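Novice: Hey, dropping target36.cif in here, mmCIF, C-alpha atoms:
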```
data_query
#
loop_
_atom_site.label_atom_id
_atom_site.label_comp_id
_atom_site.auth_asym_id
_atom_site.auth_seq_id
_atom_site.Cartn_x
_atom_site.Cartn_y
_atom_site.Cartn_z
CA MET I 10 -24.76 -143.79 -79.19
CA ALA I 11 -24.63 -144.29 -82.94
CA GLU I 12 -21.34 -145.21 -84.56
CA LYS I 13 -20.55 -144.06 -88.10
CA HIS I 14 -17.59 -144.91 -90.28
CA GLY I 15 -16.05 -146.86 -87.43
CA HIS I 16 -15.78 -143.76 -85.18
CA LYS I 17 -17.33 -143.71 -81.77
CA HIS I 18 -18.99 -140.36 -81.08
CA ALA I 19 -18.77 -138.68 -77.70
CA PRO I 20 -22.10 -138.80 -75.89
CA MET I 21 -24.25 -135.72 -76.25
CA VAL I 22 -27.55 -134.51 -74.86
CA GLU I 23 -30.08 -135.10 -77.60
CA GLU I 24 -32.88 -132.86 -76.46
CA ILE I 25 -33.40 -129.15 -76.02
CA SER I 26 -34.41 -128.12 -72.54
CA ASP I 27 -36.72 -125.24 -71.71
CA PHE I 28 -33.78 -123.61 -69.94
CA GLU I 29 -31.73 -123.68 -73.13
CA ALA I 30 -34.62 -122.15 -75.09
CA LEU I 31 -35.13 -119.53 -72.35
CA GLU I 32 -31.47 -118.47 -72.50
CA ILE I 33 -31.63 -118.03 -76.27
CA ALA I 34 -34.99 -116.23 -76.17
CA VAL I 35 -34.01 -113.72 -73.50
CA ARG I 36 -30.68 -113.03 -75.22
CA GLU I 37 -32.40 -112.36 -78.57
CA LEU I 38 -34.98 -110.04 -77.02
CA ALA I 39 -32.32 -108.16 -75.04
CA ILE I 40 -30.31 -107.56 -78.21
CA GLU I 41 -33.42 -106.46 -80.14
CA LYS I 42 -34.31 -104.03 -77.37
CA GLY I 43 -30.80 -102.61 -77.42
CA LEU I 44 -29.85 -103.67 -73.87
CA PHE I 45 -26.53 -104.81 -75.34
CA THR I 46 -25.16 -105.65 -78.76
CA ALA I 47 -24.72 -109.09 -80.28
CA GLU I 48 -21.06 -108.29 -80.78
CA ASP I 49 -20.53 -107.48 -77.09
CA HIS I 50 -22.36 -110.62 -76.06
CA ARG I 51 -20.20 -112.70 -78.37
CA LYS I 52 -16.99 -111.21 -76.99
CA PHE I 53 -17.99 -111.66 -73.35
CA THR I 54 -19.06 -115.24 -74.05
CA GLU I 55 -15.70 -115.97 -75.69
CA PHE I 56 -14.04 -114.54 -72.57
CA ALA I 57 -16.18 -116.85 -70.44
CA GLU I 58 -15.23 -119.81 -72.65
CA HIS I 59 -11.50 -119.47 -72.22
CA ILE I 60 -10.96 -118.55 -68.58
CA GLY I 61 -10.06 -121.14 -65.95
CA PRO I 62 -7.86 -121.74 -62.90
CA THR I 63 -4.69 -122.82 -64.72
CA PRO I 64 -2.99 -119.40 -65.03
CA ALA I 65 -3.33 -118.77 -61.29
CA GLY I 66 -1.98 -122.23 -60.51
CA ARG I 67 0.93 -121.63 -62.83
CA LEU I 68 1.67 -118.26 -61.23
CA VAL I 69 2.08 -119.93 -57.83
CA ALA I 70 4.11 -122.83 -59.28
CA LYS I 71 6.47 -120.38 -61.00
CA ALA I 72 6.81 -118.39 -57.79
CA TRP I 73 7.74 -121.53 -55.85
CA LEU I 74 10.53 -122.18 -58.33
CA ASP I 75 11.80 -118.64 -58.86
CA PRO I 76 12.37 -116.34 -55.85
CA LYS I 77 12.65 -113.27 -58.08
CA TYR I 78 9.31 -114.00 -59.69
CA LYS I 79 7.80 -114.68 -56.27
CA LYS I 80 8.91 -111.21 -55.15
CA LEU I 81 7.21 -109.72 -58.23
CA CYS I 82 4.00 -111.66 -57.45
CA LEU I 83 3.87 -110.26 -53.95
CA GLU I 84 4.72 -106.72 -55.03
CA ASP I 85 2.69 -106.47 -58.23
CA GLY I 86 0.18 -109.21 -58.99
CA ILE I 87 -0.94 -107.46 -62.16
CA LYS I 88 2.56 -107.43 -63.64
CA ALA I 89 3.26 -110.99 -62.49
CA SER I 90 0.06 -112.16 -64.23
CA LEU I 91 1.50 -111.18 -67.61
CA ALA I 92 4.00 -114.06 -67.31
CA VAL I 93 1.11 -116.53 -67.22
CA GLY I 94 -0.73 -114.90 -70.11
CA VAL I 95 -3.22 -112.73 -68.23
CA ASP I 96 -3.45 -109.00 -68.84
CA TRP I 97 -5.65 -107.59 -66.08
CA LEU I 98 -5.87 -104.23 -67.75
CA LYS I 99 -7.46 -105.87 -70.79
CA PRO I 100 -8.75 -109.22 -69.55
CA THR I 101 -11.15 -109.69 -72.43
CA GLY I 102 -8.79 -108.20 -74.97
CA PHE I 103 -11.27 -105.38 -75.57
CA GLY I 104 -11.82 -103.75 -72.21
CA THR I 105 -12.45 -104.54 -68.57
CA PRO I 106 -15.92 -105.98 -68.05
CA SER I 107 -16.18 -105.34 -64.34
CA ASP I 108 -13.64 -102.66 -63.58
CA TYR I 109 -11.28 -104.98 -61.72
CA THR I 110 -7.71 -103.92 -61.99
CA ASP I 111 -5.93 -104.96 -58.83
CA LEU I 112 -4.76 -108.48 -58.01
CA ARG I 113 -3.06 -109.22 -54.73
CA VAL I 114 -1.22 -112.46 -54.09
CA LEU I 115 -1.47 -113.49 -50.45
CA GLU I 116 1.50 -115.45 -49.16
CA ASP I 117 0.90 -118.11 -46.54
CA THR I 118 3.59 -118.75 -43.93
CA PRO I 119 3.97 -121.41 -41.23
CA THR I 120 1.98 -119.15 -38.89
CA LEU I 121 -0.44 -117.44 -41.29
CA HIS I 122 -3.13 -118.85 -43.59
CA HIS I 123 -5.24 -116.78 -45.98
CA VAL I 124 -8.70 -117.48 -47.34
CA VAL I 125 -10.74 -115.38 -49.78
CA VAL I 126 -14.39 -114.38 -49.82
CA CYS I 127 -16.64 -111.66 -51.22
CA THR I 128 -19.12 -110.74 -48.53
CA LEU I 129 -21.01 -108.28 -50.74
CA CYS I 130 -21.72 -110.45 -53.80
CA SER I 131 -19.28 -112.86 -55.46
CA CYS I 132 -16.28 -110.81 -56.69
CA TYR I 133 -13.60 -113.23 -57.84
CA PRO I 134 -10.33 -113.01 -59.82
CA ARG I 135 -11.99 -114.45 -62.92
CA PRO I 136 -9.39 -113.53 -65.56
CA ILE I 137 -6.81 -115.67 -63.76
CA LEU I 138 -8.99 -118.17 -61.86
CA GLY I 139 -12.08 -118.72 -64.02
CA PHE I 140 -15.61 -118.85 -62.64
CA GLN I 141 -16.57 -119.04 -59.01
CA PRO I 142 -17.70 -122.39 -57.64
CA GLU I 143 -21.33 -122.35 -56.60
CA TRP I 144 -20.51 -122.46 -52.88
CA TYR I 145 -18.45 -119.26 -53.22
CA ARG I 146 -21.50 -117.43 -54.58
CA ILE I 147 -24.01 -118.34 -51.92
CA PRO I 148 -24.68 -116.30 -48.76
CA ASN I 149 -24.08 -119.26 -46.48
CA TYR I 150 -20.32 -119.33 -47.22
CA ARG I 151 -20.01 -115.55 -47.54
CA ARG I 152 -21.55 -114.82 -44.17
CA ARG I 153 -20.19 -117.66 -42.14
CA LEU I 154 -16.55 -117.52 -43.30
CA VAL I 155 -15.98 -114.13 -41.72
CA ARG I 156 -17.60 -115.19 -38.46
CA TRP I 157 -16.26 -118.72 -38.09
CA PRO I 158 -13.33 -119.10 -40.49
CA ARG I 159 -11.76 -122.10 -38.77
CA GLN I 160 -15.01 -123.99 -38.61
CA VAL I 161 -15.85 -123.28 -42.25
CA LEU I 162 -12.35 -124.34 -43.33
CA ALA I 163 -12.78 -127.53 -41.32
CA GLU I 164 -15.93 -128.24 -43.36
CA PHE I 165 -13.61 -128.27 -46.38
CA GLY I 166 -11.37 -130.71 -44.54
CA LEU I 167 -8.78 -128.09 -43.61
CA VAL I 168 -8.15 -128.17 -39.88
CA LEU I 169 -5.52 -125.65 -38.87
CA PRO I 170 -3.68 -125.70 -35.53
CA PRO I 171 -4.45 -122.82 -33.15
CA GLU I 172 -0.99 -121.30 -33.60
CA VAL I 173 -1.77 -120.62 -37.28
CA GLU I 174 -3.55 -117.30 -37.69
CA VAL I 175 -6.40 -117.35 -40.23
CA ARG I 176 -6.82 -114.16 -42.23
CA VAL I 177 -9.98 -113.69 -44.29
CA GLU I 178 -9.61 -111.31 -47.24
CA ASP I 179 -12.79 -109.68 -48.51
CA SER I 180 -12.77 -109.11 -52.28
CA ASN I 181 -14.39 -106.07 -53.81
CA GLN I 182 -14.97 -104.34 -57.10
CA LYS I 183 -11.41 -103.04 -57.29
CA CYS I 184 -9.38 -105.67 -55.52
CA ARG I 185 -9.17 -109.41 -56.08
CA PHE I 186 -7.04 -112.01 -54.31
CA ILE I 187 -5.42 -115.39 -54.79
CA VAL I 188 -3.65 -117.37 -52.11
CA MET I 189 -0.05 -118.53 -52.46
CA PRO I 190 0.23 -121.49 -50.10
CA MET I 191 3.55 -122.87 -48.92
CA ARG I 192 5.07 -125.42 -51.26
CA PRO I 193 4.16 -128.84 -49.90
CA ALA I 194 6.67 -131.48 -48.87
CA GLY I 195 7.14 -134.26 -51.37
CA THR I 196 7.39 -131.95 -54.38
CA GLU I 197 11.17 -131.58 -54.41
CA GLY I 198 12.56 -131.66 -57.95
CA TRP I 199 9.10 -131.23 -59.50
CA THR I 200 8.67 -129.25 -62.72
CA GLU I 201 6.49 -126.17 -63.10
CA ASP I 202 3.86 -128.27 -64.88
CA GLN I 203 3.73 -130.81 -62.05
CA LEU I 204 3.42 -128.07 -59.45
CA THR I 205 0.73 -126.29 -61.47
CA GLU I 206 -1.35 -129.47 -61.47
CA ILE I 207 -1.66 -129.62 -57.68
CA MET I 208 -2.51 -125.91 -57.38
CA THR I 209 -6.24 -126.43 -57.60
CA ARG I 210 -8.92 -123.74 -57.56
CA ASP I 211 -9.70 -124.57 -53.92
CA CYS I 212 -6.02 -124.05 -52.94
CA LEU I 213 -6.05 -120.67 -54.67
CA ILE I 214 -9.15 -119.57 -52.74
CA GLY I 215 -7.54 -120.90 -49.58
CA VAL I 216 -10.09 -123.51 -48.50
CA THR I 217 -7.56 -126.29 -48.85
CA LEU I 218 -3.81 -126.83 -49.15
CA PRO I 219 -1.90 -128.30 -52.11
CA LYS I 220 -0.90 -131.92 -51.77
CA PRO I 221 0.97 -134.29 -54.08
CA GLY I 222 -1.58 -136.52 -55.78
CA THR I 223 -4.54 -134.13 -55.33
CA THR I 224 -5.53 -132.38 -58.54
CA THR I 225 -9.29 -132.01 -58.16
CA ASN I 226 -11.59 -129.82 -56.11
CA LEU I 227 -13.98 -130.91 -53.42
CA LYS I 228 -17.66 -131.15 -54.23
CA LEU I 229 -19.47 -130.14 -51.07
CA PRO I 230 -23.15 -130.31 -50.22
CA LEU I 231 -24.60 -126.79 -50.27
CA HIS I 232 -26.48 -125.37 -47.35
CA ARG I 233 -28.99 -122.58 -47.52
CA ALA I 234 -28.63 -119.54 -45.34
CA VAL I 235 -31.22 -119.47 -42.58
CA ASN I 236 -31.73 -115.71 -42.57
CA PRO I 237 -32.84 -113.59 -45.53
CA ALA I 238 -30.14 -112.82 -48.09
CA HIS I 239 -29.26 -109.39 -46.71
CA HIS I 240 -29.59 -110.14 -43.06
CA MET L 5 -27.36 -89.57 -47.05
CA THR L 6 -24.22 -91.17 -45.65
CA ALA L 7 -22.46 -94.20 -47.09
CA SER L 8 -23.74 -96.44 -44.35
CA GLY L 9 -27.17 -94.89 -44.77
CA ASN L 10 -27.33 -95.89 -48.39
CA LYS L 11 -25.97 -99.35 -47.71
CA ASP L 12 -28.79 -99.76 -45.21
CA THR L 13 -31.25 -98.53 -47.82
CA LEU L 14 -29.89 -101.03 -50.30
CA ALA L 15 -30.19 -103.89 -47.86
CA GLY L 16 -33.62 -102.68 -46.78
CA MET L 17 -34.79 -102.45 -50.35
CA ALA L 18 -33.73 -106.02 -51.00
CA ALA L 19 -35.40 -107.15 -47.78
CA ASP L 20 -38.62 -105.39 -48.80
CA GLU L 21 -38.61 -107.48 -51.92
CA SER L 22 -38.54 -110.75 -50.06
CA ASN L 23 -42.15 -111.26 -51.21
CA TRP L 24 -41.24 -111.90 -54.80
CA THR L 25 -44.22 -112.25 -57.11
CA PRO L 26 -43.96 -115.45 -59.13
CA VAL L 27 -43.82 -115.04 -62.91
CA PRO L 28 -46.14 -117.70 -64.43
CA LEU L 29 -43.86 -118.42 -67.41
CA LEU L 30 -40.85 -118.92 -65.15
CA GLU L 31 -42.90 -121.02 -62.74
CA ASP L 32 -43.84 -123.29 -65.67
CA ILE L 33 -40.21 -123.63 -66.70
CA LYS L 34 -39.23 -124.28 -63.11
CA GLU L 35 -41.79 -127.07 -62.89
CA ARG L 36 -41.39 -128.77 -66.23
CA GLY L 37 -37.90 -127.76 -67.42
CA ARG L 38 -35.28 -130.51 -67.39
CA VAL L 39 -32.13 -129.39 -65.61
CA TRP L 40 -28.63 -130.13 -66.89
CA GLU L 41 -27.83 -132.43 -63.98
CA ASP L 42 -30.60 -134.82 -65.11
CA LEU L 43 -29.93 -134.49 -68.82
CA ALA L 44 -26.20 -135.09 -68.41
CA ARG L 45 -26.86 -138.18 -66.32
CA GLN L 46 -29.41 -139.56 -68.79
CA TYR L 47 -27.20 -139.07 -71.84
CA GLY L 48 -23.90 -139.99 -70.18
CA VAL L 49 -22.37 -136.54 -70.64
CA THR L 50 -19.61 -135.61 -68.19
CA ASN L 51 -19.45 -131.84 -68.73
CA PRO L 52 -20.54 -130.37 -65.37
CA ASP L 53 -22.08 -127.27 -66.98
CA PRO L 54 -24.77 -126.90 -69.64
CA PRO L 55 -23.52 -125.56 -72.97
CA TRP L 56 -25.54 -122.36 -72.53
CA LYS L 57 -23.80 -121.39 -69.27
CA THR L 58 -21.04 -119.32 -70.88
CA SER L 59 -23.62 -117.51 -72.97
CA LEU L 60 -25.55 -116.74 -69.79
CA GLU L 61 -22.36 -115.30 -68.31
CA GLY L 62 -21.99 -113.32 -71.54
CA ILE L 63 -25.48 -111.85 -71.02
CA CYS L 64 -24.69 -110.83 -67.44
CA GLU L 65 -21.40 -109.22 -68.46
CA ALA L 66 -22.92 -107.51 -71.48
CA LEU L 67 -25.73 -106.07 -69.34
CA ALA L 68 -23.20 -104.76 -66.84
CA ALA L 69 -20.99 -103.38 -69.58
CA SER L 70 -23.80 -101.80 -71.59
CA SER L 71 -24.08 -99.22 -68.89
CA CYS L 72 -20.26 -99.40 -68.81
CA SER L 73 -18.07 -97.84 -66.24
CA SER L 74 -20.36 -94.85 -65.86
CA ALA L 75 -22.88 -97.10 -64.16
CA THR L 76 -20.18 -98.64 -61.99
CA ALA L 77 -19.18 -95.15 -60.94
CA LEU L 78 -22.83 -94.32 -60.29
CA GLU L 79 -23.29 -97.45 -58.18
CA ARG L 80 -20.30 -96.37 -56.15
CA GLY L 81 -21.78 -92.90 -55.94
CA TRP L 82 -25.06 -94.38 -54.75
CA LEU L 83 -23.27 -96.24 -51.96
CA ASP L 84 -21.41 -93.15 -50.82
CA GLY L 85 -24.57 -91.05 -50.99
CA SER L 86 -23.60 -88.73 -53.85
CA VAL L 87 -26.01 -90.23 -56.41
CA ASP L 88 -29.64 -91.16 -55.93
CA ARG L 89 -31.08 -94.49 -57.01
CA ASN L 90 -32.86 -93.09 -60.07
CA GLY L 91 -29.53 -91.89 -61.35
CA VAL L 92 -28.15 -95.41 -61.23
CA GLY L 93 -31.21 -96.93 -62.84
CA ALA L 94 -31.22 -94.44 -65.69
CA ALA L 95 -27.67 -95.26 -66.72
CA ALA L 96 -27.74 -98.99 -66.08
CA PRO L 97 -30.82 -101.01 -67.00
CA LEU L 98 -29.73 -103.74 -64.60
CA PRO L 99 -26.75 -102.75 -62.43
CA GLY L 100 -24.50 -105.69 -61.61
CA LEU L 101 -24.77 -105.39 -57.86
CA GLU L 102 -28.57 -105.26 -57.93
CA ARG L 103 -28.67 -108.28 -60.22
CA ARG L 104 -26.46 -110.31 -57.87
CA TRP L 105 -28.44 -109.30 -54.76
CA GLU L 106 -31.71 -110.14 -56.43
CA GLU L 107 -30.22 -113.46 -57.48
CA ASP L 108 -29.36 -114.10 -53.82
CA GLU L 109 -32.94 -113.26 -52.77
CA LEU L 110 -34.59 -115.28 -55.51
CA SER L 111 -32.23 -118.22 -54.96
CA GLU L 112 -33.43 -118.46 -51.39
CA THR L 113 -37.10 -117.95 -52.13
CA LEU L 114 -38.84 -118.65 -55.44
CA TYR L 115 -36.05 -120.68 -57.03
CA ARG L 116 -34.55 -122.32 -53.99
CA ASP L 117 -35.20 -125.84 -55.28
CA VAL L 118 -33.73 -125.22 -58.72
CA PRO L 119 -30.07 -126.20 -59.20
CA PHE L 120 -27.32 -123.87 -60.40
CA PRO L 121 -26.93 -122.48 -63.08
CA GLU L 122 -30.62 -122.91 -64.04
CA ARG L 123 -31.39 -120.89 -60.90
CA GLN L 124 -29.07 -118.10 -62.03
CA LEU L 125 -30.86 -117.96 -65.39
CA LEU L 126 -34.34 -117.84 -63.83
CA ALA L 127 -33.23 -115.10 -61.43
CA LEU L 128 -31.73 -113.00 -64.21
CA VAL L 129 -34.87 -113.26 -66.34
CA HIS L 130 -37.03 -112.51 -63.31
CA SER L 131 -35.05 -109.31 -62.70
CA LEU L 132 -35.42 -108.27 -66.34
CA ILE L 133 -39.18 -108.91 -66.33
CA LYS L 134 -39.62 -107.11 -63.03
CA ARG L 135 -38.03 -103.99 -64.51
CA GLY L 136 -40.12 -104.20 -67.69
CA LEU L 137 -36.95 -104.63 -69.75
CA VAL L 138 -38.39 -107.84 -71.18
CA LYS L 139 -42.11 -108.67 -71.30
CA GLU L 140 -43.27 -112.06 -70.14
CA GLU L 141 -45.59 -112.56 -73.15
CA ASP L 142 -42.83 -111.60 -75.61
CA LEU L 143 -40.54 -114.06 -73.94
CA ALA L 144 -43.11 -116.87 -74.09
CA ARG L 145 -43.68 -116.20 -77.78
CA ARG L 146 -39.97 -116.07 -78.50
CA MET L 147 -39.35 -119.32 -76.63
CA ASP L 148 -41.92 -121.06 -78.83
CA GLU L 149 -40.22 -119.68 -81.92
CA VAL L 150 -36.79 -120.74 -80.68
CA LEU L 151 -37.99 -124.27 -79.95
CA GLN L 152 -39.65 -124.53 -83.36
CA ARG L 153 -36.47 -123.31 -85.03
CA LEU L 154 -34.23 -125.69 -83.15
CA HIS L 155 -36.50 -128.63 -83.93
CA SER L 156 -36.90 -127.79 -87.60
CA ALA L 157 -33.75 -129.51 -88.92
#
```
How does this structure look as structure tokens?
Specialist:
Amino acid sequence: MAEKHGHKHAPMVEEISDFEALEIAVRELAIEKGLFTAEDHRKFTEFAEHIGPTPAGRLVAKAWLDPKYKKLCLEDGIKASLAVGVDWLKPTGFGTPSDYTDLRVLEDTPTLHHVVVCTLCSCYPRPILGFQPEWYRIPNYRRRLVRWPRQVLAEFGLVLPPEVEVRVEDSNQKCRFIVMPMRPAGTEGWTEDQLTEIMTRDCLIGVTLPKPGTTTNLKLPLHRAVNPAHH
Amino acid sequence: MTASGNKDTLAGMAADESNWTPVPLLEDIKERGRVWEDLARQYGVTNPDPPWKTSLEGICEALAASSCSSATALERGWLDGSVDRNGVGAAAPLPGLERRWEEDELSETLYRDVPFPERQLLALVHSLIKRGLVKEEDLARRMDEVLQRLHSA
């Protein structure tokens, strides 16, 4: 990579792929044909640029530290989200893109573990958790989780003892979920920021548990569904 | 028709479309297009997603929103049997649920060997072409223009 004026530039892709050109071309034609406006596209893209899993992680971390806030989370996820900067009634700041207005926070206990799916498509609490991982979108996870939750969780490395009930929550157009796991041992005296760091996206979906020292998500090999998509 | 009846119709409709007709332009792109995974590796870029991914999400959201909540209500009405399919189509050029189900179908058939999110982009464009919302020849022409423009600096 070229260096200029003593500064080292971050690496960048120095060619334009056909996929990049296709995205631009289809967007321009759609706007010209009036399928949507350039202004709307810009606003939705800005929304896509700034969402991520941090607010949801912070919500759980705050709840671990503040019993009153935890109660609010469990009673009214929408109101509790305001404390971490997410307004579900106006997630984009200009209107709800997908009509989702209900967030439920699912509390794990020593005998109950929650995990989230959308069996119909890929509904996900995007304003507070960002974009779905690829595995969450594909039929293989969506179909198998409801049939064999323990086995699918084990594929993520989460093996739960038989005395722990596994509850699968199915998201839909109106209702989205995040999981509030139990605070792990070894985090005594931690700050909200430290606790937020270990609340990864995977913990919030419920396919893993928070652990001191673990701040990244698992990258799993993807498997195709054997049957047709709507089998 | 009952709610379950229409859900069956929906699933049946998607199943009927398992024989997706390839779109030559998209087949070309599928064959010769360089995916982000390869480009990022070659140029030493660590960003897991291509820079156009958020714009693609913007397109999907804008398409869903352009028919706004009326279409969402119509989709719901379609599922519970109070609205027929033409009613949904008229209000929403590409209803969100149909787009996602077609993406599922196409991801397991025509575009099964293409990584994500390139696969999501191909599926979206396929759905638009299939409905006549975008013409393949217009798209090919526009892609040439876009490439010329981007290479003109």
Novice: Could you give me, as CSV, a per-residue list for segment 123-160 of chain I showing, wherever an atom lies at most 7 Å from an atom of segment 50-72 of chain I, the closest pair of atoms and their distance in Å to one decimal, using only C-alpha atoms and sorting by chain then residue number from low to high?
Specialist:
```
residue,atom,partner,partner_atom,distance
I:Pro136,CA,I:Ile60,CA,6.1
I:Ile137,CA,I:Ala65,CA,5.3
I:Leu138,CA,I:Pro62,CA,3.9
I:Gly139,CA,I:Gly61,CA,3.7
I:Phe140,CA,I:Gly61,CA,6.9
```
Novice: Where does the PyMOL selection byres ((chain I) within 9 of (chain L)) land in this file, that is, which residues does it pick, as a PyMOL selection string?
Specialist: chain I and resi 19-39+42+44-46+49-58+105-108+129-131+143+146-148+233-234+237-240
Novice: So what do you get for atom CA of Pro221 of chain I versus atom CA of Tyr78 of chain I, distance-wise?
Specialist: 22.6 Å
Novice: Report as a PyMOL selection string the residues that result from applying the PyMOL selection byres ((chain I and resi 87-89) around 10) to the structure here.
Specialist: chain I and resi 68+72+78-86+90-98+110-114
Novice: With distances taken over all atoms listed in the file, which of I:Cys212, I:Leu74, I:Leu121, I:Ala47 is nearest to Leu167 of chain I?
Specialist: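 Smallest distance to Leu167 of chain I is found for I:Cys212.
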Novice: Rounded to one decimal in Å, what is the spacing between atom CA of Gly102 of chain I and atom CA of Cys132 of chain I?
Specialist: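 Answer for the atom CA of Gly102 of chain I to atom CA of Cys132 of chain I separation: 19.9 Å.
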Novice: Using all atoms listed in the file, determine which residues lie at most 6 Å from Ile214 of chain I, disregarding the query and same-chain residues fewer than 6 positions distant; provide the list as a PDB file with C-alpha atoms, in the coordinates of the input.
Specialist:
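Saved to selection_0.pdb:
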```
ATOM      1  CA  VAL I 124      -8.700-117.480 -47.340  1.00  0.00           C
ATOM      2  CA  VAL I 125     -10.740-115.380 -49.780  1.00  0.00           C
ATOM      3  CA  ILE I 187      -5.420-115.390 -54.790  1.00  0.00           C
ATOM      4  CA  VAL I 188      -3.650-117.370 -52.110  1.00  0.00           C
TER       5      VAL I 188
END
```
Novice: In Å, with one decimal, what is the gap from atom CA of Leu114 of chain L to atom CA of Lys134 of chain L?
Specialist: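 Calculated distance between atom CA of Leu114 of chain L and atom CA of Lys134 of chain L is 13.8 Å.
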Novice: Residues within 10 Å of Pro190 of chain I, please, as JSON, numbers by chain. Count only C-alpha atoms; anything in the same chain fewer than 6 positions from it doesn't count.
Specialist: {"I": [69, 73, 114, 115, 116, 117, 118, 119, 121, 122, 123, 208, 212, 213, 214, 215, 217, 218, 219]}
Novice: Taking the file above as input, evaluate the PyMOL selection byres ((chain I and resi 178) around 7) and report the hits as JSON, numbers by chain.
Specialist: {"I": [124, 125, 126, 176, 177, 179, 180]}
